>>> print(open('start.cif').read())   # mmCIF, C-alpha atoms
data_model
#
loop_
_atom_site.group_PDB
_atom_site.id
_atom_site.type_symbol
_atom_site.label_atom_id
_atom_site.label_comp_id
_atom_site.auth_asym_id
_atom_site.auth_seq_id
_atom_site.Cartn_x
_atom_site.Cartn_y
_atom_site.Cartn_z
ATOM 1 C CA MET A 193 -35.822 16.800 148.567
ATOM 2 C CA ALA A 194 -35.171 20.276 149.926
ATOM 3 C CA ALA A 195 -36.969 21.933 147.001
ATOM 4 C CA ASN A 196 -40.034 19.778 147.627
ATOM 5 C CA PHE A 197 -39.980 20.435 151.352
ATOM 6 C CA TRP A 198 -39.974 24.217 150.970
ATOM 7 C CA THR A 199 -43.127 24.073 148.841
ATOM 8 C CA SER A 200 -44.852 21.402 150.942
ATOM 9 C CA SER A 201 -47.724 21.639 153.412
ATOM 10 C CA HIS A 202 -45.245 20.374 156.036
ATOM 11 C CA TYR A 203 -43.118 23.522 155.661
ATOM 12 C CA LYS A 204 -46.214 25.737 155.814
ATOM 13 C CA GLN A 205 -47.230 24.015 159.055
ATOM 14 C CA LEU A 206 -44.010 24.533 161.000
ATOM 15 C CA PHE A 207 -44.686 26.168 164.377
ATOM 16 C CA ASP A 208 -42.801 28.391 166.752
ATOM 17 C CA GLN A 209 -41.963 26.488 169.950
ATOM 18 C CA GLU A 210 -44.263 28.707 172.050
ATOM 19 C CA ASP A 211 -47.213 27.759 169.808
ATOM 20 C CA VAL A 212 -46.490 24.062 170.366
ATOM 21 C CA ASP A 213 -46.184 24.498 174.150
ATOM 22 C CA VAL A 214 -49.835 25.450 174.641
ATOM 23 C CA VAL A 215 -52.044 23.557 177.087
ATOM 24 C CA PHE A 216 -55.704 24.008 176.123
ATOM 25 C CA PRO A 217 -58.142 25.446 178.715
ATOM 26 C CA LEU A 218 -60.089 22.149 178.952
ATOM 27 C CA ASP A 219 -56.871 20.328 179.897
ATOM 28 C CA LYS A 220 -55.788 23.060 182.317
ATOM 29 C CA GLU A 221 -59.116 22.657 184.136
ATOM 30 C CA LYS A 222 -58.152 19.029 184.781
ATOM 31 C CA GLY A 223 -54.804 20.093 186.207
ATOM 32 C CA ILE A 224 -52.678 19.242 183.163
ATOM 33 C CA THR A 225 -49.455 21.248 183.311
ATOM 34 C CA LEU A 226 -47.076 21.895 180.410
ATOM 35 C CA GLU A 227 -44.778 19.214 181.847
ATOM 36 C CA ASP A 228 -47.708 16.734 181.934
ATOM 37 C CA PHE A 229 -48.599 17.662 178.351
ATOM 38 C CA LYS A 230 -45.062 16.928 177.156
ATOM 39 C CA LEU A 231 -44.868 13.701 179.179
ATOM 40 C CA ILE A 232 -48.137 12.364 177.770
ATOM 41 C CA LYS A 233 -46.991 13.045 174.198
ATOM 42 C CA MET A 234 -43.663 11.361 174.951
ATOM 43 C CA HIS A 235 -45.465 8.358 176.410
ATOM 44 C CA MET A 236 -47.770 8.152 173.383
ATOM 45 C CA ALA A 237 -44.760 8.276 171.029
ATOM 46 C CA SER A 238 -43.356 5.234 172.874
ATOM 47 C CA TYR A 239 -46.772 3.564 172.718
ATOM 48 C CA ILE A 240 -46.901 4.054 168.918
ATOM 49 C CA SER A 241 -43.380 2.639 168.627
ATOM 50 C CA LYS A 242 -44.237 -0.391 170.765
ATOM 51 C CA LEU A 243 -47.409 -1.080 168.787
ATOM 52 C CA ALA A 244 -45.514 -0.697 165.493
ATOM 53 C CA GLN A 245 -43.046 -3.404 166.523
ATOM 54 C CA HIS A 246 -45.928 -5.834 167.006
ATOM 55 C CA VAL A 247 -47.648 -5.056 163.699
ATOM 56 C CA LYS A 248 -44.257 -4.939 161.953
ATOM 57 C CA VAL A 249 -44.135 -1.599 160.150
ATOM 58 C CA ARG A 250 -40.970 0.313 159.354
ATOM 59 C CA GLN A 251 -39.587 3.252 161.311
ATOM 60 C CA ARG A 252 -40.801 5.797 158.767
ATOM 61 C CA VAL A 253 -44.424 4.847 159.546
ATOM 62 C CA VAL A 254 -43.736 5.322 163.268
ATOM 63 C CA ALA A 255 -42.187 8.745 162.617
ATOM 64 C CA THR A 256 -45.176 9.830 160.507
ATOM 65 C CA ALA A 257 -47.645 8.565 163.125
ATOM 66 C CA VAL A 258 -45.885 10.413 165.948
ATOM 67 C CA THR A 259 -45.794 13.603 163.858
ATOM 68 C CA TYR A 260 -49.552 13.312 163.232
ATOM 69 C CA MET A 261 -50.175 12.798 166.959
ATOM 70 C CA ARG A 262 -48.123 15.868 167.856
ATOM 71 C CA ARG A 263 -49.818 17.964 165.156
ATOM 72 C CA VAL A 264 -53.252 16.968 166.470
ATOM 73 C CA TYR A 265 -52.436 18.363 169.923
ATOM 74 C CA THR A 266 -51.513 21.762 168.518
ATOM 75 C CA ARG A 267 -55.187 22.038 167.552
ATOM 76 C CA LYS A 268 -57.166 19.808 169.892
ATOM 77 C CA SER A 269 -57.207 19.232 173.633
ATOM 78 C CA MET A 270 -56.355 15.897 175.209
ATOM 79 C CA SER A 271 -59.651 16.093 177.090
ATOM 80 C CA GLU A 272 -61.528 15.886 173.789
ATOM 81 C CA TYR A 273 -59.108 13.594 171.983
ATOM 82 C CA ASP A 274 -58.060 10.776 174.313
ATOM 83 C CA PRO A 275 -54.330 10.141 173.731
ATOM 84 C CA ARG A 276 -54.849 6.400 174.313
ATOM 85 C CA LEU A 277 -57.059 6.290 171.218
ATOM 86 C CA VAL A 278 -55.313 9.007 169.192
ATOM 87 C CA ALA A 279 -51.944 7.194 169.328
ATOM 88 C CA PRO A 280 -53.019 3.888 167.681
ATOM 89 C CA THR A 281 -55.305 5.743 165.254
ATOM 90 C CA CYS A 282 -52.375 7.898 164.104
ATOM 91 C CA LEU A 283 -50.421 4.690 163.480
ATOM 92 C CA TYR A 284 -53.375 3.319 161.505
ATOM 93 C CA LEU A 285 -53.579 6.508 159.417
ATOM 94 C CA ALA A 286 -49.790 6.732 158.922
ATOM 95 C CA SER A 287 -49.646 3.106 157.766
ATOM 96 C CA LYS A 288 -52.058 4.029 154.967
ATOM 97 C CA ALA A 289 -50.303 7.307 154.127
ATOM 98 C CA GLU A 290 -46.954 5.475 153.922
ATOM 99 C CA GLU A 291 -48.477 2.594 151.915
ATOM 100 C CA SER A 292 -47.838 -0.036 154.601
ATOM 101 C CA THR A 293 -51.464 -0.544 155.573
ATOM 102 C CA VAL A 294 -52.196 -2.227 158.895
ATOM 103 C CA GLN A 295 -55.684 -3.547 159.605
ATOM 104 C CA ALA A 296 -57.557 -1.854 162.464
ATOM 105 C CA LYS A 297 -58.493 -5.245 163.940
ATOM 106 C CA LEU A 298 -54.787 -6.127 164.196
ATOM 107 C CA LEU A 299 -54.138 -2.913 166.143
ATOM 108 C CA VAL A 300 -57.049 -3.662 168.482
ATOM 109 C CA PHE A 301 -55.683 -7.176 169.052
ATOM 110 C CA TYR A 302 -52.191 -5.962 169.965
ATOM 111 C CA ILE A 303 -53.404 -3.054 172.101
ATOM 112 C CA ARG A 304 -55.179 -5.616 174.286
ATOM 113 C CA LYS A 305 -52.078 -7.775 174.339
ATOM 114 C CA ILE A 306 -49.807 -4.893 175.414
ATOM 115 C CA TYR A 307 -52.129 -3.204 177.924
ATOM 116 C CA SER A 308 -54.310 -4.926 180.482
ATOM 117 C CA ASP A 309 -55.679 -1.530 181.593
ATOM 118 C CA GLU A 310 -59.367 -1.162 180.650
ATOM 119 C CA LYS A 311 -58.730 2.465 179.640
ATOM 120 C CA TYR A 312 -56.895 1.188 176.552
ATOM 121 C CA ARG A 313 -59.758 -1.068 175.462
ATOM 122 C CA TYR A 314 -61.039 0.163 172.114
ATOM 123 C CA GLU A 315 -63.003 -1.443 169.303
ATOM 124 C CA ILE A 316 -62.403 -1.198 165.557
ATOM 125 C CA LYS A 317 -65.247 1.318 165.214
ATOM 126 C CA ASP A 318 -63.533 3.611 167.763
ATOM 127 C CA ILE A 319 -60.380 3.720 165.632
ATOM 128 C CA LEU A 320 -62.348 4.360 162.431
ATOM 129 C CA GLU A 321 -64.351 7.174 164.062
ATOM 130 C CA MET A 322 -61.223 8.756 165.526
ATOM 131 C CA GLU A 323 -59.509 8.500 162.132
ATOM 132 C CA MET A 324 -62.100 10.883 160.661
ATOM 133 C CA LYS A 325 -61.650 13.318 163.556
ATOM 134 C CA ILE A 326 -57.858 13.236 163.181
ATOM 135 C CA LEU A 327 -58.067 13.833 159.429
ATOM 136 C CA GLU A 328 -60.209 16.877 160.145
ATOM 137 C CA ALA A 329 -57.854 18.100 162.892
ATOM 138 C CA LEU A 330 -54.935 17.786 160.449
ATOM 139 C CA ASN A 331 -56.898 19.663 157.770
ATOM 140 C CA TYR A 332 -56.237 16.572 155.637
ATOM 141 C CA TYR A 333 -52.540 17.563 155.369
ATOM 142 C CA LEU A 334 -50.804 14.205 155.586
ATOM 143 C CA VAL A 335 -47.415 15.012 154.022
ATOM 144 C CA VAL A 336 -44.472 14.592 156.393
ATOM 145 C CA TYR A 337 -40.800 15.017 155.510
ATOM 146 C CA HIS A 338 -38.415 13.180 157.819
ATOM 147 C CA PRO A 339 -34.699 13.744 158.569
ATOM 148 C CA TYR A 340 -33.769 10.183 157.500
ATOM 149 C CA ARG A 341 -33.338 10.963 153.817
ATOM 150 C CA SER A 342 -31.258 14.090 154.453
ATOM 151 C CA LEU A 343 -29.264 12.131 157.021
ATOM 152 C CA SER A 344 -28.088 9.497 154.531
ATOM 153 C CA GLN A 345 -27.099 12.148 151.973
ATOM 154 C CA LEU A 346 -25.332 14.347 154.536
ATOM 155 C CA LEU A 347 -23.385 11.465 156.125
ATOM 156 C CA GLN A 348 -22.170 10.479 152.666
ATOM 157 C CA ASP A 349 -21.233 14.067 151.846
ATOM 158 C CA ALA A 350 -19.244 14.339 155.097
ATOM 159 C CA SER A 351 -17.611 10.915 154.528
ATOM 160 C CA LEU A 352 -19.102 9.779 157.829
ATOM 161 C CA ASN A 353 -21.279 7.017 156.414
ATOM 162 C CA ASP A 354 -19.546 4.140 158.190
ATOM 163 C CA ILE A 355 -21.758 1.697 160.091
ATOM 164 C CA ASN A 356 -20.901 3.177 163.499
ATOM 165 C CA MET A 357 -21.874 6.760 162.632
ATOM 166 C CA THR A 358 -24.889 5.661 160.601
ATOM 167 C CA GLN A 359 -26.326 3.633 163.484
ATOM 168 C CA LEU A 360 -25.600 6.308 166.074
ATOM 169 C CA THR A 361 -27.111 9.183 164.085
ATOM 170 C CA TRP A 362 -30.112 7.094 163.033
ATOM 171 C CA GLY A 363 -30.757 6.288 166.714
ATOM 172 C CA VAL A 364 -30.535 9.961 167.678
ATOM 173 C CA VAL A 365 -32.994 10.884 164.903
ATOM 174 C CA ASN A 366 -35.413 8.237 166.218
ATOM 175 C CA ASP A 367 -35.174 9.843 169.658
ATOM 176 C CA THR A 368 -36.082 13.288 168.272
ATOM 177 C CA TYR A 369 -39.651 12.008 167.827
ATOM 178 C CA LYS A 370 -39.944 11.874 171.626
ATOM 179 C CA MET A 371 -39.806 15.686 171.398
ATOM 180 C CA ASP A 372 -41.663 18.267 169.310
ATOM 181 C CA LEU A 373 -38.667 19.015 167.051
ATOM 182 C CA ALA A 374 -40.432 17.767 163.896
ATOM 183 C CA LEU A 375 -43.126 20.422 164.377
ATOM 184 C CA VAL A 376 -40.661 23.275 164.770
ATOM 185 C CA HIS A 377 -37.603 22.637 162.563
ATOM 186 C CA PRO A 378 -37.003 21.600 158.930
ATOM 187 C CA PRO A 379 -35.896 17.949 158.685
ATOM 188 C CA HIS A 380 -32.425 18.671 157.261
ATOM 189 C CA LEU A 381 -31.577 20.849 160.302
ATOM 190 C CA ILE A 382 -32.653 18.057 162.664
ATOM 191 C CA ALA A 383 -30.440 15.655 160.683
ATOM 192 C CA LEU A 384 -27.497 18.081 160.958
ATOM 193 C CA ALA A 385 -27.990 18.419 164.726
ATOM 194 C CA CYS A 386 -27.909 14.620 165.064
ATOM 195 C CA ILE A 387 -24.683 14.481 163.008
ATOM 196 C CA TYR A 388 -23.233 17.261 165.147
ATOM 197 C CA ILE A 389 -23.976 15.313 168.366
ATOM 198 C CA ALA A 390 -22.619 12.051 166.940
ATOM 199 C CA SER A 391 -19.432 13.703 165.637
ATOM 200 C CA VAL A 392 -18.740 15.172 169.097
ATOM 201 C CA LEU A 393 -19.420 11.806 170.783
ATOM 202 C CA ARG A 394 -17.198 9.962 168.287
ATOM 203 C CA GLU A 395 -14.565 12.731 168.300
ATOM 204 C CA LYS A 396 -14.841 13.426 164.569
ATOM 205 C CA ASP A 397 -13.747 16.876 163.487
ATOM 206 C CA THR A 398 -16.587 18.177 161.301
ATOM 207 C CA THR A 399 -15.891 21.912 161.768
ATOM 208 C CA ALA A 400 -14.709 22.537 158.192
ATOM 209 C CA TRP A 401 -17.570 20.476 156.727
ATOM 210 C CA PHE A 402 -20.196 22.416 158.664
ATOM 211 C CA GLU A 403 -18.585 25.699 157.569
ATOM 212 C CA GLU A 404 -18.836 24.641 153.934
ATOM 213 C CA LEU A 405 -22.545 23.947 154.330
ATOM 214 C CA ARG A 406 -23.173 27.568 155.317
ATOM 215 C CA VAL A 407 -26.033 26.663 157.637
ATOM 216 C CA ASP A 408 -26.901 28.670 160.715
ATOM 217 C CA MET A 409 -24.802 26.834 163.305
ATOM 218 C CA ASN A 410 -26.674 28.591 166.130
ATOM 219 C CA VAL A 411 -29.844 26.795 165.067
ATOM 220 C CA VAL A 412 -28.030 23.461 164.678
ATOM 221 C CA LYS A 413 -26.437 23.846 168.120
ATOM 222 C CA ASN A 414 -29.746 24.872 169.719
ATOM 223 C CA ILE A 415 -31.455 21.753 168.344
ATOM 224 C CA SER A 416 -28.480 19.694 169.588
ATOM 225 C CA MET A 417 -28.864 21.205 173.070
ATOM 226 C CA GLU A 418 -32.563 20.307 173.128
ATOM 227 C CA ILE A 419 -31.738 16.706 172.254
ATOM 228 C CA LEU A 420 -28.985 16.513 174.883
ATOM 229 C CA ASP A 421 -31.296 18.107 177.450
ATOM 230 C CA PHE A 422 -33.861 15.393 176.669
ATOM 231 C CA TYR A 423 -31.240 12.684 177.231
ATOM 232 C CA GLU A 424 -30.250 14.218 180.520
ATOM 233 C CA ASN A 425 -33.698 14.917 181.973
ATOM 234 C CA HIS A 426 -36.332 12.776 180.287
ATOM 235 C CA ARG A 427 -34.828 9.509 179.180
ATOM 236 C CA MET A 428 -35.591 7.504 182.320
ATOM 237 C CA ILE A 429 -38.985 8.705 183.522
ATOM 238 C CA PRO A 430 -40.844 6.111 185.614
ATOM 239 C CA GLU A 431 -44.111 4.709 184.232
ATOM 240 C CA GLU A 432 -45.956 6.030 187.313
ATOM 241 C CA ARG A 433 -45.132 9.603 186.291
ATOM 242 C CA PHE A 434 -46.744 9.086 182.882
ATOM 243 C CA ASN A 435 -49.751 7.391 184.437
ATOM 244 C CA ALA A 436 -50.198 10.194 186.977
ATOM 245 C CA ALA A 437 -50.320 12.725 184.134
ATOM 246 C CA LEU A 438 -52.720 10.575 182.068
ATOM 247 C CA ASN A 439 -55.002 9.917 185.034
ATOM 248 C CA LYS A 440 -55.666 13.643 185.367
ATOM 249 C CA LEU A 441 -57.610 13.381 182.121
ATOM 250 C CA ALA A 442 -59.929 10.877 183.839
ATOM 251 C CA PHE A 443 -61.553 9.298 180.798
ATOM 252 C CA LYS A 444 -64.157 6.710 181.620
ATOM 253 C CA PRO A 445 -63.052 3.119 180.900
#
>>> encode(input="start.cif", output="structure tokens")
Amino acid sequence: MAANFWTSSHYKQLFDQEDVDVVFPLDKEKGITLEDFKLIKMHMASYISKLAQHVKVRQRVVATAVTYMRRVYTRKSMSEYDPRLVAPTCLYLASKAEESTVQAKLLVFYIRKIYSDEKYRYEIKDILEMEMKILEALNYYLVVYHPYRSLSQLLQDASLNDINMTQLTWGVVNDTYKMDLALVHPPHLIALACIYIASVLREKDTTAWFEELRVDMNVVKNISMEILDFYENHRMIPEERFNAALNKLAFKP
């Protein structure tokens, strides 16, 4: 896996954090702050996840869709690309890329079921048109490597692949998609940070194992701190806060 990742378009598209944390001028004009920008992306990641549960696709499709959504907003403003339409369209595109195709009409049906708000009302043609725009914004690079595969191999290597550790680390990896980590760090380092957090929480001594890996522990610990910071500050944000940020974009219904 690692060999493939280092030669992939995913690796070539990794960003520095400061390049991800850029609010476009069009969005700034509408009063969107960096905090709003992050909140909207977090909200859209949850939206994709919620929609995926209804159309019954696996977690990998969700992870790919969220990565597409986050990549789009490194290149396009939210004022031009309405997050409420980008989110389901990324799920539609990811379902095809991951060979678990979901029909656009099914997405439209469930969007209406989940949200009564008129601002979420889109037709099939809207999703198909946005799909072409997203493909262009992504430069047609649809390859995404996720931490899940590394995670399974690493847990086995560390003899930590019991059900408790597997479930805990898998859950932490899922939560990393509520942040921009997938755009900034290689997937195996994200997996290691999740193992590091879980081993501390479960009081497993993994010091010797990490030393044997010869990875940069500063990077692993920094990723771990970002995840823990997210748990502390962003896990329970009220819906009104998301809506306030979204309403600044003021798209017409």
>>> resolve_selection(input="start.cif", expression="the PyMOL selection byres ((chain A and resi 271-280) around 6)", output="compact mmCIF listing (two decimals) with C-alpha atoms, keeping the file's coordinate frame")
# COMPACT_ATOMS: atom_id res chain seq x y z
CA ASP A 219 -56.87 20.33 179.90
CA MET A 236 -47.77 8.15 173.38
CA ILE A 240 -46.90 4.05 168.92
CA SER A 269 -57.21 19.23 173.63
CA MET A 270 -56.36 15.90 175.21
CA THR A 281 -55.30 5.74 165.25
CA CYS A 282 -52.38 7.90 164.10
CA LEU A 283 -50.42 4.69 163.48
>>> resolve_selection(input="start.cif", expression="the PyMOL selection byres ((chain A and resi 252) around 10)", output="PyMOL selection string")
chain A and resi 249-251+253-258+286-287+290+336-338+340+366
>>> residues_near_point(input="start.cif", point="(-44.3, 25.7, 164.1)", cutoff="10 Å", atoms="all atoms listed in the file", output="number ranges by chain")
A: 202-212, 263, 266, 372-378
>>> closest_residue(input="start.cif", among="A:Val214, A:Ile389, A:Met428, A:Met324", to="Asn414 of chain A", atoms="all atoms listed in the file")
A:Ile389
>>> closest_residue(input="start.cif", among="A:Asn439, A:Glu424, A:Val335, A:Arg341", to="Pro379 of chain A", atoms="all atoms listed in the file")
A:Arg341
>>> residues_around(input="start.cif", residues="Ser351 of chain A", least_positions_apart="5", cutoff="12 Å", atoms="all atoms listed in the file", output="list in words")
Leu343, Ser344, Gln345, Leu346, Met357, Thr358, Ile387, Ser391, Lys396, Asp397, Thr398 and Trp401 of chain A
>>> resolve_selection(input="start.cif", expression="the PyMOL selection byres ((chain A and resi 330) around 12)", output="ChimeraX atom specification")
/A:201-202,205,259-268,282,285,323-329,331-336
>>> closest_residue(input="start.cif", among="A:Ile355, A:Ala400, A:Ile419, A:Val294", to="Ala385 of chain A", atoms="all atoms listed in the file")
A:Ile419
>>> closest_residue(input="start.cif", among="A:Val411, A:Ala436, A:Ala383, A:Ala442", to="Glu227 of chain A", atoms="all atoms listed in the file")
A:Ala436
>>> closest_residue(input="start.cif", among="A:Ala350, A:Leu381, A:Asn425, A:Leu438", to="Thr399 of chain A", atoms="all atoms listed in the file")
A:Ala350
>>> closest_residue(input="start.cif", among="A:Lys317, A:Val364, A:Ser308, A:Val215", to="Tyr388 of chain A", atoms="only C-alpha atoms")
A:Val364
>>> atom_distance(input="start.cif", atom1="atom CA of Asp228 of chain A", atom2="atom CA of Met371 of chain A")
13.2 Å
>>> atom_distance(input="start.cif", atom1="atom CA of Tyr307 of chain A", atom2="atom CA of Lys370 of chain A")
20.4 Å
>>> atom_distance(input="start.cif", atom1="atom CA of Leu226 of chain A", atom2="atom CA of Asp421 of chain A")
16.5 Å
>>> build_atoms(input="start.cif", residues="segment 395-405 of chain A", atoms="all heavy atoms", output="short mmCIF file (atom, residue, chain, number, x, y, z; two decimals), keeping the file's coordinate frame")
data_model
loop_
_atom_site.label_atom_id
_atom_site.label_comp_id
_atom_site.auth_asym_id
_atom_site.auth_seq_id
_atom_site.Cartn_x
_atom_site.Cartn_y
_atom_site.Cartn_z
N GLU A 395 -15.78 11.92 168.46
CA GLU A 395 -14.56 12.73 168.30
C GLU A 395 -14.14 12.85 166.83
O GLU A 395 -12.98 12.67 166.48
CB GLU A 395 -13.42 12.15 169.16
CG GLU A 395 -13.76 12.18 170.64
CD GLU A 395 -12.66 11.59 171.51
OE1 GLU A 395 -11.76 10.92 170.97
OE2 GLU A 395 -12.70 11.80 172.74
N LYS A 396 -15.11 13.18 165.99
CA LYS A 396 -14.84 13.43 164.57
C LYS A 396 -14.83 14.94 164.36
O LYS A 396 -15.77 15.63 164.80
CB LYS A 396 -15.94 12.82 163.70
CG LYS A 396 -16.23 11.35 163.97
CD LYS A 396 -15.52 10.46 163.00
CE LYS A 396 -15.97 9.02 163.15
NZ LYS A 396 -15.18 8.10 162.34
N ASP A 397 -13.83 15.44 163.72
CA ASP A 397 -13.75 16.88 163.49
C ASP A 397 -14.54 17.25 162.23
O ASP A 397 -14.10 17.00 161.11
CB ASP A 397 -12.28 17.31 163.33
CG ASP A 397 -12.16 18.83 163.25
OD1 ASP A 397 -13.21 19.51 163.33
OD2 ASP A 397 -11.03 19.33 163.09
N THR A 398 -15.72 17.82 162.44
CA THR A 398 -16.59 18.18 161.30
C THR A 398 -16.69 19.70 161.12
O THR A 398 -17.54 20.17 160.38
CB THR A 398 -18.00 17.59 161.52
OG1 THR A 398 -18.44 17.96 162.84
CG2 THR A 398 -18.01 16.09 161.39
N THR A 399 -15.82 20.44 161.80
CA THR A 399 -15.89 21.91 161.77
C THR A 399 -15.85 22.46 160.35
O THR A 399 -16.73 23.25 159.94
CB THR A 399 -14.73 22.54 162.58
OG1 THR A 399 -14.65 21.87 163.83
CG2 THR A 399 -14.96 24.02 162.81
N ALA A 400 -14.87 22.03 159.57
CA ALA A 400 -14.71 22.54 158.19
C ALA A 400 -15.92 22.17 157.33
O ALA A 400 -16.39 22.98 156.53
CB ALA A 400 -13.43 21.98 157.58
N TRP A 401 -16.41 20.95 157.51
CA TRP A 401 -17.57 20.48 156.73
C TRP A 401 -18.80 21.33 157.02
O TRP A 401 -19.50 21.76 156.10
CB TRP A 401 -17.84 19.00 157.02
CG TRP A 401 -19.02 18.45 156.28
CD1 TRP A 401 -19.07 18.17 154.93
CD2 TRP A 401 -20.31 18.14 156.81
NE1 TRP A 401 -20.33 17.68 154.61
CE2 TRP A 401 -21.10 17.66 155.74
CE3 TRP A 401 -20.87 18.21 158.08
CZ2 TRP A 401 -22.42 17.26 155.90
CZ3 TRP A 401 -22.19 17.81 158.26
CH2 TRP A 401 -22.95 17.35 157.18
N PHE A 402 -19.04 21.59 158.30
CA PHE A 402 -20.20 22.42 158.66
C PHE A 402 -20.05 23.84 158.11
O PHE A 402 -21.02 24.44 157.67
CB PHE A 402 -20.38 22.45 160.19
CG PHE A 402 -21.23 21.34 160.72
CD1 PHE A 402 -20.67 20.29 161.44
CD2 PHE A 402 -22.61 21.33 160.52
CE1 PHE A 402 -21.46 19.25 161.93
CE2 PHE A 402 -23.41 20.30 161.00
CZ PHE A 402 -22.83 19.26 161.72
N GLU A 403 -18.83 24.35 158.11
CA GLU A 403 -18.58 25.70 157.57
C GLU A 403 -18.91 25.76 156.08
O GLU A 403 -19.50 26.73 155.59
CB GLU A 403 -17.13 26.12 157.81
CG GLU A 403 -16.88 26.62 159.22
CD GLU A 403 -15.40 26.86 159.52
OE1 GLU A 403 -14.57 26.73 158.59
OE2 GLU A 403 -15.08 27.18 160.68
N GLU A 404 -18.56 24.70 155.38
CA GLU A 404 -18.84 24.64 153.93
C GLU A 404 -20.33 24.63 153.64
O GLU A 404 -20.78 25.13 152.61
CB GLU A 404 -18.21 23.38 153.32
CG GLU A 404 -16.73 23.50 153.04
CD GLU A 404 -16.12 22.17 152.60
OE1 GLU A 404 -16.85 21.36 152.00
OE2 GLU A 404 -14.93 21.94 152.87
N LEU A 405 -21.09 24.04 154.54
CA LEU A 405 -22.54 23.95 154.33
C LEU A 405 -23.23 25.31 154.41
O LEU A 405 -24.31 25.51 153.86
CB LEU A 405 -23.18 23.02 155.38
CG LEU A 405 -22.87 21.54 155.30
CD1 LEU A 405 -23.53 20.82 156.45
CD2 LEU A 405 -23.36 20.95 153.97
#
